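Containing PDB, C-alpha atoms and all ligand atoms: start.pdb.
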```pdb
MODEL        1
ATOM      1  CA  MET A 505       0.000   0.000   0.000
ATOM      2  CA  GLU A 506       1.211   3.518  -0.823
ATOM      3  CA  PRO A 507       1.827   5.822   2.135
ATOM      4  CA  GLY A 508      -0.995   8.341   2.655
ATOM      5  CA  ILE A 509      -1.205  11.794   1.162
ATOM      6  CA  SER A 510      -0.399  13.537   4.464
ATOM      7  CA  LEU A 511       3.152  12.151   4.189
ATOM      8  CA  ARG A 512       3.480  13.678   0.737
ATOM      9  CA  MET A 513       2.415  17.138   1.893
ATOM     10  CA  SER A 514       6.032  17.943   2.783
ATOM     11  CA  ILE A 515       6.752  17.480  -0.936
ATOM     12  CA  TYR A 516       3.707  19.304  -2.307
ATOM     13  CA  ARG A 517       4.534  22.289  -0.040
ATOM     14  CA  ARG A 518       7.811  22.857  -1.866
ATOM     15  CA  PRO A 519       7.418  25.096  -4.923
ATOM     16  CA  GLU A 520      10.434  23.493  -6.625
ATOM     17  CA  ALA A 521       8.814  20.068  -6.189
ATOM     18  CA  ARG A 522       5.545  21.317  -7.693
ATOM     19  CA  ARG A 523       7.393  22.706 -10.693
ATOM     20  CA  LEU A 524       9.280  19.446 -11.152
ATOM     21  CA  LEU A 525       6.090  17.394 -10.933
ATOM     22  CA  SER A 526       4.294  19.633 -13.378
ATOM     23  CA  ARG A 527       7.113  19.263 -15.911
ATOM     24  CA  LEU A 528       6.967  15.499 -15.491
ATOM     25  CA  LEU A 529       3.203  15.412 -15.923
ATOM     26  CA  GLU A 530       3.575  17.292 -19.189
ATOM     27  CA  GLU A 531       5.659  14.337 -20.340
ATOM     28  CA  GLU A 532       8.758  16.443 -20.349
ATOM     29  CA  ARG A 533      11.616  14.053 -19.824
ATOM     30  CA  LEU A 534      13.611  14.690 -16.727
ATOM     31  CA  TYR A 535      17.058  13.284 -16.439
ATOM     32  CA  ALA A 536      19.355  13.306 -13.485
ATOM     33  CA  PRO A 537      22.747  11.759 -12.941
ATOM     34  CA  GLY A 538      22.929   8.643 -10.792
ATOM     35  CA  SER A 539      19.848   7.273  -9.106
ATOM     36  CA  GLY A 540      18.277  10.459  -7.826
ATOM     37  CA  ALA A 541      20.198  10.967  -4.627
ATOM     38  CA  ASP A 542      19.716  14.749  -4.652
ATOM     39  CA  ASP A 543      17.155  16.019  -2.227
ATOM     40  CA  VAL A 544      13.765  16.761  -3.755
ATOM     41  CA  LEU A 545      14.047  14.004  -6.340
ATOM     42  CA  GLY A 546      15.290  11.543  -3.727
ATOM     43  CA  ASP A 547      12.413  12.414  -1.400
ATOM     44  CA  MET A 548       9.848  11.918  -4.154
ATOM     45  CA  LEU A 549      11.364   8.553  -5.046
ATOM     46  CA  ARG A 550      11.341   7.408  -1.436
ATOM     47  CA  LEU A 551       7.662   8.355  -1.125
ATOM     48  CA  GLY A 552       6.809   6.476  -4.307
ATOM     49  CA  MET A 553       5.734   9.610  -6.224
ATOM     50  CA  LEU A 554       8.275   9.059  -8.961
ATOM     51  CA  ARG A 555       9.790   6.004 -10.480
ATOM     52  CA  GLU A 556      12.708   5.334 -12.720
ATOM     53  CA  ALA A 557      11.621   5.020 -16.326
ATOM     54  CA  ALA A 558      14.976   4.273 -17.929
ATOM     55  CA  ARG A 559      18.710   4.515 -17.584
ATOM     56  CA  GLU A 560      20.844   5.729 -20.418
ATOM     57  CA  SER A 561      24.420   6.641 -21.024
ATOM     58  CA  TRP A 562      24.955  10.183 -22.268
ATOM     59  CA  LEU A 563      28.016  12.190 -23.240
ATOM     60  CA  ARG A 564      28.889  15.105 -21.009
ATOM     61  CA  ASP A 565      31.359  17.928 -21.281
ATOM     62  CA  PRO A 566      33.449  17.406 -18.124
ATOM     63  CA  THR A 567      34.163  21.136 -17.886
ATOM     64  CA  SER A 568      30.722  22.684 -18.372
ATOM     65  CA  GLY A 569      28.524  19.699 -17.508
ATOM     66  CA  ALA A 570      26.560  20.208 -20.756
ATOM     67  CA  THR A 571      24.864  17.138 -22.219
ATOM     68  CA  SER A 572      23.304  18.583 -25.339
ATOM     69  CA  PHE A 573      25.430  19.721 -28.242
ATOM     70  CA  SER A 574      25.361  20.663 -31.855
ATOM     71  CA  LEU A 575      27.917  18.674 -33.796
ATOM     72  CA  ARG A 576      29.932  19.688 -36.810
ATOM     73  CA  PRO A 577      32.686  17.975 -38.780
ATOM     74  CA  SER A 578      36.010  19.729 -39.268
ATOM     75  CA  CYS A 579      39.322  19.158 -41.013
ATOM     76  CA  PRO A 580      41.773  17.196 -38.820
ATOM     77  CA  TYR A 581      44.711  19.107 -40.383
ATOM     78  CA  CYS A 582      43.670  22.762 -40.242
ATOM     79  CA  GLY A 583      40.461  22.709 -38.153
ATOM     80  CA  SER A 584      38.331  24.352 -40.847
ATOM     81  CA  SER A 585      34.704  23.306 -41.180
ATOM     82  CA  ASP A 586      34.694  24.188 -44.863
ATOM     83  CA  ILE A 587      34.816  20.533 -45.865
ATOM     84  CA  GLU A 588      32.796  18.389 -48.192
ATOM     85  CA  LYS A 589      32.043  14.714 -48.276
ATOM     86  CA  GLU A 590      32.505  12.782 -51.458
ATOM     87  CA  GLU A 591      31.803   9.201 -52.325
ATOM     88  CA  LEU A 592      34.736   7.071 -53.332
ATOM     89  CA  MET A 593      33.892   5.064 -56.481
ATOM     90  CA  GLU A 594      35.498   2.153 -58.273
ATOM     91  CA  HIS A 595      35.203   1.496 -61.991
ATOM     92  CA  ILE A 596      34.293  -2.223 -61.923
ATOM     93  CA  GLY A 597      35.665  -2.687 -65.447
ATOM     94  CA  CYS A 598      39.258  -1.559 -64.805
ATOM     95  CA  GLY A 599      39.551  -1.161 -61.046
ATOM     96  CA  TYR A 600      40.202   2.583 -61.100
ATOM     97  CA  VAL A 601      39.271   4.271 -57.806
ATOM     98  CA  GLY A 602      38.422   7.948 -57.631
ATOM     99  CA  ARG A 603      36.026  10.547 -56.303
ATOM    100  CA  ALA A 604      32.524  10.507 -57.767
ATOM    101  CA  SER A 605      33.244  13.853 -59.436
ATOM    102  CA  ASP A 606      36.241  12.346 -61.289
ATOM    103  CA  PHE A 607      33.857  10.207 -63.288
ATOM    104  CA  LEU A 608      31.530  13.032 -64.241
ATOM    105  CA  GLN A 609      32.376  14.402 -67.609
ATOM    106  CA  GLY A 610      29.790  16.205 -69.657
ATOM    107  CA  GLY A 611      27.028  16.251 -67.089
ATOM    108  CA  GLU A 612      25.496  12.923 -66.180
ATOM    109  CA  CYS A 613      27.683  10.792 -68.437
ATOM    110  CA  LYS A 614      30.009   8.640 -66.347
ATOM    111  CA  ILE A 615      33.340   8.155 -68.096
ATOM    112  CA  CYS A 616      36.325   6.485 -66.436
ATOM    113  CA  PRO A 617      39.258   8.938 -66.398
ATOM    114  CA  ARG A 618      41.802   6.077 -66.641
ATOM    115  CA  CYS A 619      40.421   3.944 -69.460
ATOM    116  CA  GLY A 620      38.038   6.458 -71.054
ATOM    117  CA  ARG A 621      35.188   3.917 -71.224
ATOM    118  CA  PRO A 622      31.654   4.513 -69.910
ATOM    119  CA  ALA A 623      32.011   3.344 -66.340
ATOM    120  CA  ASP A 624      29.848   0.997 -64.289
ATOM    121  CA  LEU A 625      30.630   2.194 -60.809
ATOM    122  CA  ARG A 626      30.328   0.927 -57.280
ATOM    123  CA  VAL A 627      30.628   2.913 -54.095
ATOM    124  CA  ILE A 628      33.510   1.652 -52.016
ATOM    125  CA  GLY A 629      33.483   4.293 -49.304
ATOM    126  CA  SER A 630      33.654   7.996 -48.778
ATOM    127  CA  TRP A 631      36.203  10.633 -47.995
ATOM    128  CA  PHE A 632      36.314  14.263 -47.112
ATOM    129  CA  TYR A 633      37.975  17.150 -48.832
ATOM    130  CA  CYS A 634      38.962  20.364 -47.052
ATOM    131  CA  ARG A 635      38.488  23.460 -49.160
ATOM    132  CA  SER A 636      40.708  25.501 -46.858
ATOM    133  CA  CYS A 637      43.906  23.413 -46.903
ATOM    134  CA  ARG A 638      42.956  21.253 -49.903
ATOM    135  CA  ARG A 639      43.749  18.011 -48.168
ATOM    136  CA  SER A 640      41.647  14.840 -48.221
ATOM    137  CA  PHE A 641      40.977  12.573 -45.283
ATOM    138  CA  GLN A 642      38.791   9.640 -44.389
ATOM    139  CA  SER A 643      37.226  10.849 -41.122
ATOM    140  CA  PRO A 644      36.603  14.409 -40.073
ATOM    141  CA  ARG A 645      37.170  15.533 -36.521
ATOM    142  CA  ILE A 646      33.808  16.009 -34.779
ATOM    143  CA  ILE A 647      33.453  19.226 -32.819
ATOM    144  CA  ALA A 648      30.696  19.493 -30.201
ATOM    145  CA  SER A 649      29.464  22.943 -29.268
ATOM    146  CA  SER A 650      27.203  23.982 -26.474
ATOM    147  CA  GLY A 651      26.709  27.680 -25.879
ATOM    148  CA  ASP A 652      30.059  29.419 -26.377
ATOM    149  CA  ARG A 653      32.090  26.316 -25.676
ATOM    150  CA  THR A 654      33.429  23.883 -28.256
ATOM    151  CA  VAL A 655      35.161  20.602 -27.513
ATOM    152  CA  ARG A 656      36.265  17.603 -29.490
ATOM    153  CA  VAL A 657      33.897  14.667 -29.190
ATOM    154  CA  GLU A 658      36.746  12.497 -27.847
ATOM    155  CA  GLU A 659      36.968  14.828 -24.858
ATOM    156  CA  LEU A 660      33.339  14.171 -23.828
ATOM    157  CA  GLU A 661      32.880  11.602 -21.104
ATOM    158  CA  PRO A 662      30.062   9.078 -20.820
ATOM    159  CA  VAL A 663      27.757   9.527 -17.852
ATOM    160  CA  VAL A 664      24.837   7.352 -16.761
ATOM    161  CA  VAL A 665      21.608   9.299 -16.339
ATOM    162  CA  THR A 666      18.225   8.178 -15.096
ATOM    163  CA  ARG A 667      14.934   9.222 -16.613
ATOM    164  CA  TYR A 668      12.039   9.669 -14.200
ATOM    165  CA  GLU A 669       8.291   9.679 -14.501
ATOM    166  CA  VAL A 670       5.396  10.265 -12.134
ATOM    167  CA  ASN A 671       4.351   6.924 -10.694
ATOM    168  CA  PRO A 672       1.182   6.069 -12.671
ATOM    169  CA  VAL A 673      -0.770   5.259  -9.481
ATOM    170  CA  MET A 674      -0.008   8.790  -8.196
ATOM    171  CA  ARG A 675      -0.724  10.632 -11.419
ATOM    172  CA  GLU A 676      -4.298  11.604 -10.595
ATOM    173  CA  GLU A 677      -3.415  12.800  -7.107
ATOM    174  CA  VAL A 678      -0.424  14.818  -8.330
ATOM    175  CA  ARG A 679      -2.515  16.439 -11.051
ATOM    176  CA  GLY A 680      -5.263  17.311  -8.538
ATOM    177  CA  VAL A 681      -2.905  18.819  -5.963
ATOM    178  CA  LEU A 682      -0.945  20.835  -8.518
ATOM    179  CA  SER A 683      -4.088  22.324  -9.973
ATOM    180  CA  LEU A 684      -5.345  23.106  -6.459
ATOM    181  CA  TYR A 685      -2.205  25.152  -5.765
ATOM    182  CA  SER A 686      -2.228  26.876  -9.123
ATOM    183  CA  ARG A 687      -5.942  27.730  -8.957
ATOM    184  CA  LEU A 688      -5.462  29.143  -5.467
ATOM    185  CA  GLU A 689      -2.627  31.360  -6.696
ATOM    186  CA  ASP A 690      -4.629  32.431  -9.750
ATOM    187  CA  ARG A 691      -7.676  33.248  -7.647
ATOM    188  CA  LEU A 692      -5.663  35.363  -5.189
ATOM    189  CA  ARG A 693      -4.039  37.225  -8.099
ATOM    190  CA  SER A 694      -7.409  37.852  -9.705
ATOM    191  CA  LEU A 695      -8.553  39.357  -6.384
ATOM    192  CA  GLY A 696      -5.715  41.865  -6.712
ATOM    193  CA  TYR A 697      -3.087  40.252  -4.494
ATOM    194  CA  SER A 698       0.539  39.670  -5.289
ATOM    195  CA  VAL A 699       1.440  36.151  -4.266
ATOM    196  CA  GLU A 700       4.641  34.733  -2.847
ATOM    197  CA  GLU A 701       5.162  30.986  -2.646
ATOM    198  CA  SER A 702       6.575  29.313   0.437
ATOM    199  CA  ALA A 703       7.162  32.620   2.201
ATOM    200  CA  SER A 704       7.736  33.572   5.819
ATOM    201  CA  VAL A 705       6.250  36.249   8.022
ATOM    202  CA  THR A 706       7.433  37.210  11.477
ATOM    203  CA  GLY A 707       4.792  36.370  14.026
ATOM    204  CA  VAL A 708       3.912  38.293  17.205
ATOM    205  CA  SER A 709       6.384  36.027  19.004
ATOM    206  CA  GLY A 710       9.236  37.235  16.785
ATOM    207  CA  VAL A 711       9.585  33.789  15.206
ATOM    208  CA  PRO A 712       9.438  33.536  11.379
ATOM    209  CA  GLN A 713       6.390  31.493  10.335
ATOM    210  CA  LYS A 714       6.269  29.864   6.927
ATOM    211  CA  PHE A 715       3.159  29.574   4.760
ATOM    212  CA  ASP A 716       2.432  27.860   1.457
ATOM    213  CA  LEU A 717       1.385  31.208  -0.007
ATOM    214  CA  ILE A 718       1.501  34.744   1.291
ATOM    215  CA  ALA A 719      -0.706  37.154  -0.617
ATOM    216  CA  SER A 720      -0.474  40.899  -0.173
ATOM    217  CA  ALA A 721      -2.382  43.885  -1.494
ATOM    218  CA  GLN A 722      -2.405  47.469  -0.197
ATOM    219  CA  GLY A 723      -1.297  46.687   3.328
ATOM    220  CA  ARG A 724      -3.525  43.619   3.600
ATOM    221  CA  SER A 725      -2.038  40.148   3.869
ATOM    222  CA  VAL A 726      -3.472  36.684   3.552
ATOM    223  CA  TYR A 727      -1.528  33.728   4.903
ATOM    224  CA  ALA A 728      -2.600  30.546   3.166
ATOM    225  CA  ASP A 729      -1.898  26.892   3.859
ATOM    226  CA  VAL A 730      -3.102  23.831   2.018
ATOM    227  CA  ILE A 731      -3.610  20.759   4.180
ATOM    228  CA  LEU A 732      -4.494  17.419   2.634
ATOM    229  CA  ALA A 733      -4.928  14.201   4.544
ATOM    230  CA  GLU A 734      -6.288  10.734   3.919
ATOM    231  CA  SER A 735      -8.764  11.019   6.798
ATOM    232  CA  GLU A 736     -10.376  13.675   8.981
ATOM    233  CA  PRO A 737      -8.443  12.700  12.152
ATOM    234  CA  LEU A 738      -5.154  13.047  10.256
ATOM    235  CA  LEU A 739      -6.308  16.357   8.799
ATOM    236  CA  LEU A 740      -7.112  17.671  12.267
ATOM    237  CA  ALA A 741      -3.733  16.442  13.507
ATOM    238  CA  GLY A 742      -2.165  18.434  10.665
ATOM    239  CA  VAL A 743      -4.100  21.584  11.583
ATOM    240  CA  MET A 744      -3.345  21.144  15.296
ATOM    241  CA  GLY A 745       0.345  20.878  14.472
ATOM    242  CA  GLN A 746       0.114  24.371  12.978
ATOM    243  CA  LEU A 747      -2.090  26.004  15.630
ATOM    244  CA  VAL A 748       0.759  27.842  17.335
ATOM    245  CA  LYS A 749       1.798  29.241  13.972
ATOM    246  CA  TYR A 750      -1.756  30.350  13.173
ATOM    247  CA  PHE A 751      -2.255  32.005  16.577
ATOM    248  CA  ASP A 752       1.136  33.703  16.164
ATOM    249  CA  VAL A 753       0.177  35.497  12.938
ATOM    250  CA  ALA A 754      -3.611  35.572  12.983
ATOM    251  CA  HIS A 755      -4.044  38.748  14.992
ATOM    252  CA  GLY A 756      -5.116  41.411  12.554
ATOM    253  CA  SER A 757      -4.373  39.294   9.483
ATOM    254  CA  ARG A 758      -6.343  36.920   7.365
ATOM    255  CA  LEU A 759      -5.759  33.198   7.474
ATOM    256  CA  LEU A 760      -6.841  30.983   4.642
ATOM    257  CA  LEU A 761      -6.887  27.219   5.080
ATOM    258  CA  VAL A 762      -7.672  24.933   2.177
ATOM    259  CA  LEU A 763      -8.605  21.541   3.550
ATOM    260  CA  VAL A 764      -9.063  18.111   2.009
ATOM    261  CA  PRO A 765     -11.199  16.563   3.441
ATOM    262  CA  MET A 766     -13.236  19.575   4.487
ATOM    263  CA  SER A 767     -13.680  20.039   8.238
ATOM    264  CA  ASP A 768     -15.324  22.732  10.322
ATOM    265  CA  LEU A 769     -13.411  22.052  13.547
ATOM    266  CA  PRO A 770     -10.437  24.317  12.677
ATOM    267  CA  ARG A 771     -12.839  27.259  12.334
ATOM    268  CA  ARG A 772     -14.214  26.570  15.795
ATOM    269  CA  LEU A 773     -10.686  26.189  17.207
ATOM    270  CA  LEU A 774      -9.364  29.402  15.654
ATOM    271  CA  GLY A 775     -12.534  31.431  15.345
ATOM    272  CA  SER A 776     -12.496  32.607  18.975
ATOM    273  CA  CYS A 777      -8.979  34.020  18.608
ATOM    274  CA  CYS A 778      -9.598  36.086  15.513
ATOM    275  CA  PRO A 779     -13.277  36.312  14.665
ATOM    276  CA  GLY A 780     -13.980  36.924  11.003
ATOM    277  CA  MET A 781     -10.336  36.647  10.031
ATOM    278  CA  ILE A 782     -10.146  32.963   9.264
ATOM    279  CA  HIS A 783     -11.353  31.534   5.987
ATOM    280  CA  ILE A 784     -11.677  27.823   5.560
ATOM    281  CA  LEU A 785     -12.630  26.095   2.378
ATOM    282  CA  GLY A 786     -12.083  22.711   0.891
ATOM    283  CA  GLY A 787     -13.801  19.569  -0.242
ATOM    284  CA  GLY A 788     -13.724  15.831  -0.253
ATOM    285  CA  SER A 789     -11.039  15.716  -2.951
ATOM    286  CA  PRO A 790      -8.458  18.128  -4.397
ATOM    287  CA  GLU A 791     -10.829  18.673  -7.359
ATOM    288  CA  GLU A 792     -13.716  19.631  -5.067
ATOM    289  CA  ALA A 793     -11.456  21.994  -3.129
ATOM    290  CA  THR A 794     -10.343  23.561  -6.424
ATOM    291  CA  GLY A 795     -13.997  24.167  -7.249
ATOM    292  CA  ALA A 796     -14.540  25.837  -3.856
ATOM    293  CA  ILE A 797     -11.622  28.212  -4.544
ATOM    294  CA  GLU A 798     -13.504  29.703  -7.500
ATOM    295  CA  GLY A 799     -15.990  31.281  -5.087
ATOM    296  CA  LEU A 800     -13.304  32.590  -2.723
ATOM    297  CA  ASP A 801     -13.557  36.262  -1.796
ATOM    298  CA  LEU A 802     -11.218  37.990   0.628
TER     299      LEU A 802
HETATM  300 ZN    ZN B   1      38.240   2.427 -66.181
HETATM  301 ZN    ZN B   2      42.019  21.685 -43.781
ENDMDL
END
```
Let me see the file written as structure tokens.
Ligand SMILES: [Zn+2]
Ligand SMILES: [Zn+2]
Amino acid sequence: MEPGISLRMSIYRRPEARRLLSRLLEEERLYAPGSGADDVLGDMLRLGMLREAARESWLRDPTSGATSFSLRPSCPYCGSSDIEKEELMEHIGCGYVGRASDFLQGGECKICPRCGRPADLRVIGSWFYCRSCRRSFQSPRIIASSGDRTVRVEELEPVVVTRYEVNPVMREEVRGVLSLYSRLEDRLRSLGYSVEESASVTGVSGVPQKFDLIASAQGRSVYADVILAESEPLLLAGVMGQLVKYFDVAHGSRLLLVLVPMSDLPRRLLGSCCPGMIHILGGGSPEEATGAIEGLDL
């Protein structure tokens, strides 16, 4: 059984995690070196929100770390990229080997320059010709460029990367929670607030208190938290865990709690401390809570 949603709230709270998840949901491929040991990715893997989709070996510039390049061939003698590829042909009749252009006399007519007969040709390979230094060679040097930096392909080093995807069993939940956060932000903006994600405010106690969103407009502030749990008791435990924080900032400010599942108890707990200043909305699922946000007025 997957761990409950309340355990994943520590992930959903982090704006960088929400951005990562939204990129993954849009089927954007996300690669990371190794097996995802770095923090947010590692946490999401441990909680079963992501899974490894594939491992691949990529080439990386050891100096810049770049893994995507544009490639161009260049002359191994002078470094110029003014080179052209030509097929190497053999006249089957007499064994003469030359460039395809050697056999072209008078347009399309293929005449062997050695024996002068119309030539039946076969391709036996290709070579390159440098127009700068006029030398020929079999293989060009491949130059990889990324931004302002160019390196030879031989200097790139292979690195194993892992591709991640949202665990299919979590997809619906992730989609619901992400849209809940984004609709909440949109709604606050449309009410004229500027919104800061994962921001802190200093409470009456002097301690900085962190909220999922802090919205401000003309001297007014709204401190908003989203709390999702798999059951009402766990939801209440989550709210209770934050009570000190809410009491610390609530005086004279507006608190907005978005709850899934919806519960009225937090209003009764907090209402006496700051009457009229606490707004609670929510629903039985993230989708229902998103719907309730549409009617929000502050
Ligand atoms: Zn010939
Ligand atoms: Zn050259």
note - atom CA of Ser776 of chain A and atom CA of Thr794 of chain A are separated by 27.0 Å
### Message
Around ligand ZN 1 (chain B), out to 8 Å and counting only C-alpha atoms and all ligand atoms, which residues are there? I want them as a list in words.
### Response
His595, Ile596, Gly597, Cys598, Gly599, Tyr600, Ile615, Cys616, Pro617, Arg618, Cys619, Gly620, Arg621, Pro622 and Ala623 of chain A
Go through the chains and note each residue within 12 Å of ligand ZN 2 (chain B), using only C-alpha atoms and all ligand atoms, then give the set as a short mmCIF file (atom, residue, chain, number, x, y, z; two decimals) with C-alpha atoms, keeping the file's coordinate frame.
```cif
data_model
loop_
_atom_site.label_atom_id
_atom_site.label_comp_id
_atom_site.auth_asym_id
_atom_site.auth_seq_id
_atom_site.Cartn_x
_atom_site.Cartn_y
_atom_site.Cartn_z
CA PRO A 577 32.69 17.98 -38.78
CA SER A 578 36.01 19.73 -39.27
CA CYS A 579 39.32 19.16 -41.01
CA PRO A 580 41.77 17.20 -38.82
CA TYR A 581 44.71 19.11 -40.38
CA CYS A 582 43.67 22.76 -40.24
CA GLY A 583 40.46 22.71 -38.15
CA SER A 584 38.33 24.35 -40.85
CA SER A 585 34.70 23.31 -41.18
CA ASP A 586 34.69 24.19 -44.86
CA ILE A 587 34.82 20.53 -45.86
CA GLU A 588 32.80 18.39 -48.19
CA PHE A 632 36.31 14.26 -47.11
CA TYR A 633 37.98 17.15 -48.83
CA CYS A 634 38.96 20.36 -47.05
CA ARG A 635 38.49 23.46 -49.16
CA SER A 636 40.71 25.50 -46.86
CA CYS A 637 43.91 23.41 -46.90
CA ARG A 638 42.96 21.25 -49.90
CA ARG A 639 43.75 18.01 -48.17
CA SER A 640 41.65 14.84 -48.22
CA PHE A 641 40.98 12.57 -45.28
CA PRO A 644 36.60 14.41 -40.07
CA ARG A 645 37.17 15.53 -36.52
#
```
Using the chain letters and numbers from the file, give me the residues hit by the PyMOL selection byres (((chain A and resi 686-700) around 8) and not hetatm), as a list in words.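 Going through the file, the PyMOL selection byres (((chain A and resi 686-700) around 8) and not hetatm) ends up selecting Leu682, Ser683, Leu684, Tyr685, Glu701, Ser702, Ala703, Leu717, Ile718, Ala719, Ser720, Ala721, Thr794, Ile797, Glu798, Leu800, Asp801 and Leu802 of chain A.
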- Task: For Glu531 of chain A, list every protein, DNA or RNA residue within 12 Å, evaluated using all atoms listed in the file, and leave out those in the same chain fewer than 5 positions away; present the list as an NGL selection string.
- Result: :A and (524-526 or 557 or 667-670 or 675)
*Could you give me, as a PyMOL selection string, the residues within 12 Å of segment 736-740 of chain A, counting all atoms listed in the file and dropping anything in the same chain fewer than 6 positions from it?*
chain A and resi 508-511+513+730+746-747+761-773+786-788
_Here's the selection I'm unsure about, the PyMOL selection byres (((chain A and resi 573) around 7) and not hetatm); applied to the file above, which residues does it give, as a PyMOL selection string?_
chain A and resi 571-572+574-575+648-650
field: Between atom CA of Leu608 of chain A and atom CA of Lys589 of chain A, distance in Å (one decimal)
entry: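 Value for the atom CA of Leu608 of chain A-atom CA of Lys589 of chain A distance: 16.1 Å.
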Put the listed atoms of segment 658-672 of chain A in a box along x, y and z with 3 Å added on every side and give me the centre and edge lengths in Å to one decimal, as JSON.
```
{"center_x": 19.1, "center_y": 10.4, "center_z": -19.3, "size_x": 41.8, "size_y": 14.8, "size_z": 23.2}
```
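Of the residues listed (A:Gly680, A:Pro672, A:Gly546, A:Pro712), A:Pro712 shows the shortest atom-to-atom separation from Asp752 of chain A; distances use all atoms listed in the file.
We find atom CA of Pro662 of chain A and atom CA of Asp565 of chain A to be spaced 9.0 Å apart.
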In terms of all atoms listed in the file, the residue from A:Leu592, A:Leu545, A:Val663, A:Ile515 at minimal distance from Glu560 of chain A is A:Val663
With the file shown as input, list the residues that the PyMOL selection byres (((chain A and resi 748-751) around 10) and not hetatm) selects, as a tab-separated table (two decimals) with C-alpha atoms, in the frame of the given file.
```
chain	number	residue	atom	x	y	z
A	707	GLY	CA	4.79	36.37	14.03
A	708	VAL	CA	3.91	38.29	17.20
A	709	SER	CA	6.38	36.03	19.00
A	711	VAL	CA	9.59	33.79	15.21
A	712	PRO	CA	9.44	33.54	11.38
A	713	GLN	CA	6.39	31.49	10.34
A	714	LYS	CA	6.27	29.86	6.93
A	715	PHE	CA	3.16	29.57	4.76
A	727	TYR	CA	-1.53	33.73	4.90
A	729	ASP	CA	-1.90	26.89	3.86
A	743	VAL	CA	-4.10	21.58	11.58
A	744	MET	CA	-3.34	21.14	15.30
A	745	GLY	CA	0.34	20.88	14.47
A	746	GLN	CA	0.11	24.37	12.98
A	747	LEU	CA	-2.09	26.00	15.63
A	752	ASP	CA	1.14	33.70	16.16
A	753	VAL	CA	0.18	35.50	12.94
A	754	ALA	CA	-3.61	35.57	12.98
A	755	HIS	CA	-4.04	38.75	14.99
A	758	ARG	CA	-6.34	36.92	7.36
A	759	LEU	CA	-5.76	33.20	7.47
A	760	LEU	CA	-6.84	30.98	4.64
A	774	LEU	CA	-9.36	29.40	15.65
A	777	CYS	CA	-8.98	34.02	18.61
A	778	CYS	CA	-9.60	36.09	15.51
A	782	ILE	CA	-10.15	32.96	9.26
```
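Within the 10 Å cut-off around segment 627-629 of chain A, using all atoms listed in the file and omitting residues fewer than 6 positions from it on the same chain, the listed residues are Glu590, Glu591, Leu592, Met593, Glu594, His595, Val601, Gly602, Arg603, Ala604 and Gln642 of chain A.
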Q. Which is closest to Ile647 of chain A among A:Leu660, A:Leu551, A:Leu529, A:Val705, if we use all atoms listed in the file?
A.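 Smallest separation from Ile647 of chain A among the options: A:Leu660.
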Nearest to Arg550 of chain A among A:Arg512, A:Arg724, A:His783, A:Arg679, with distances taken over all atoms listed in the file: which residue is it?
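The shortest atom-to-atom distance to Arg550 of chain A comes from A:Arg512.
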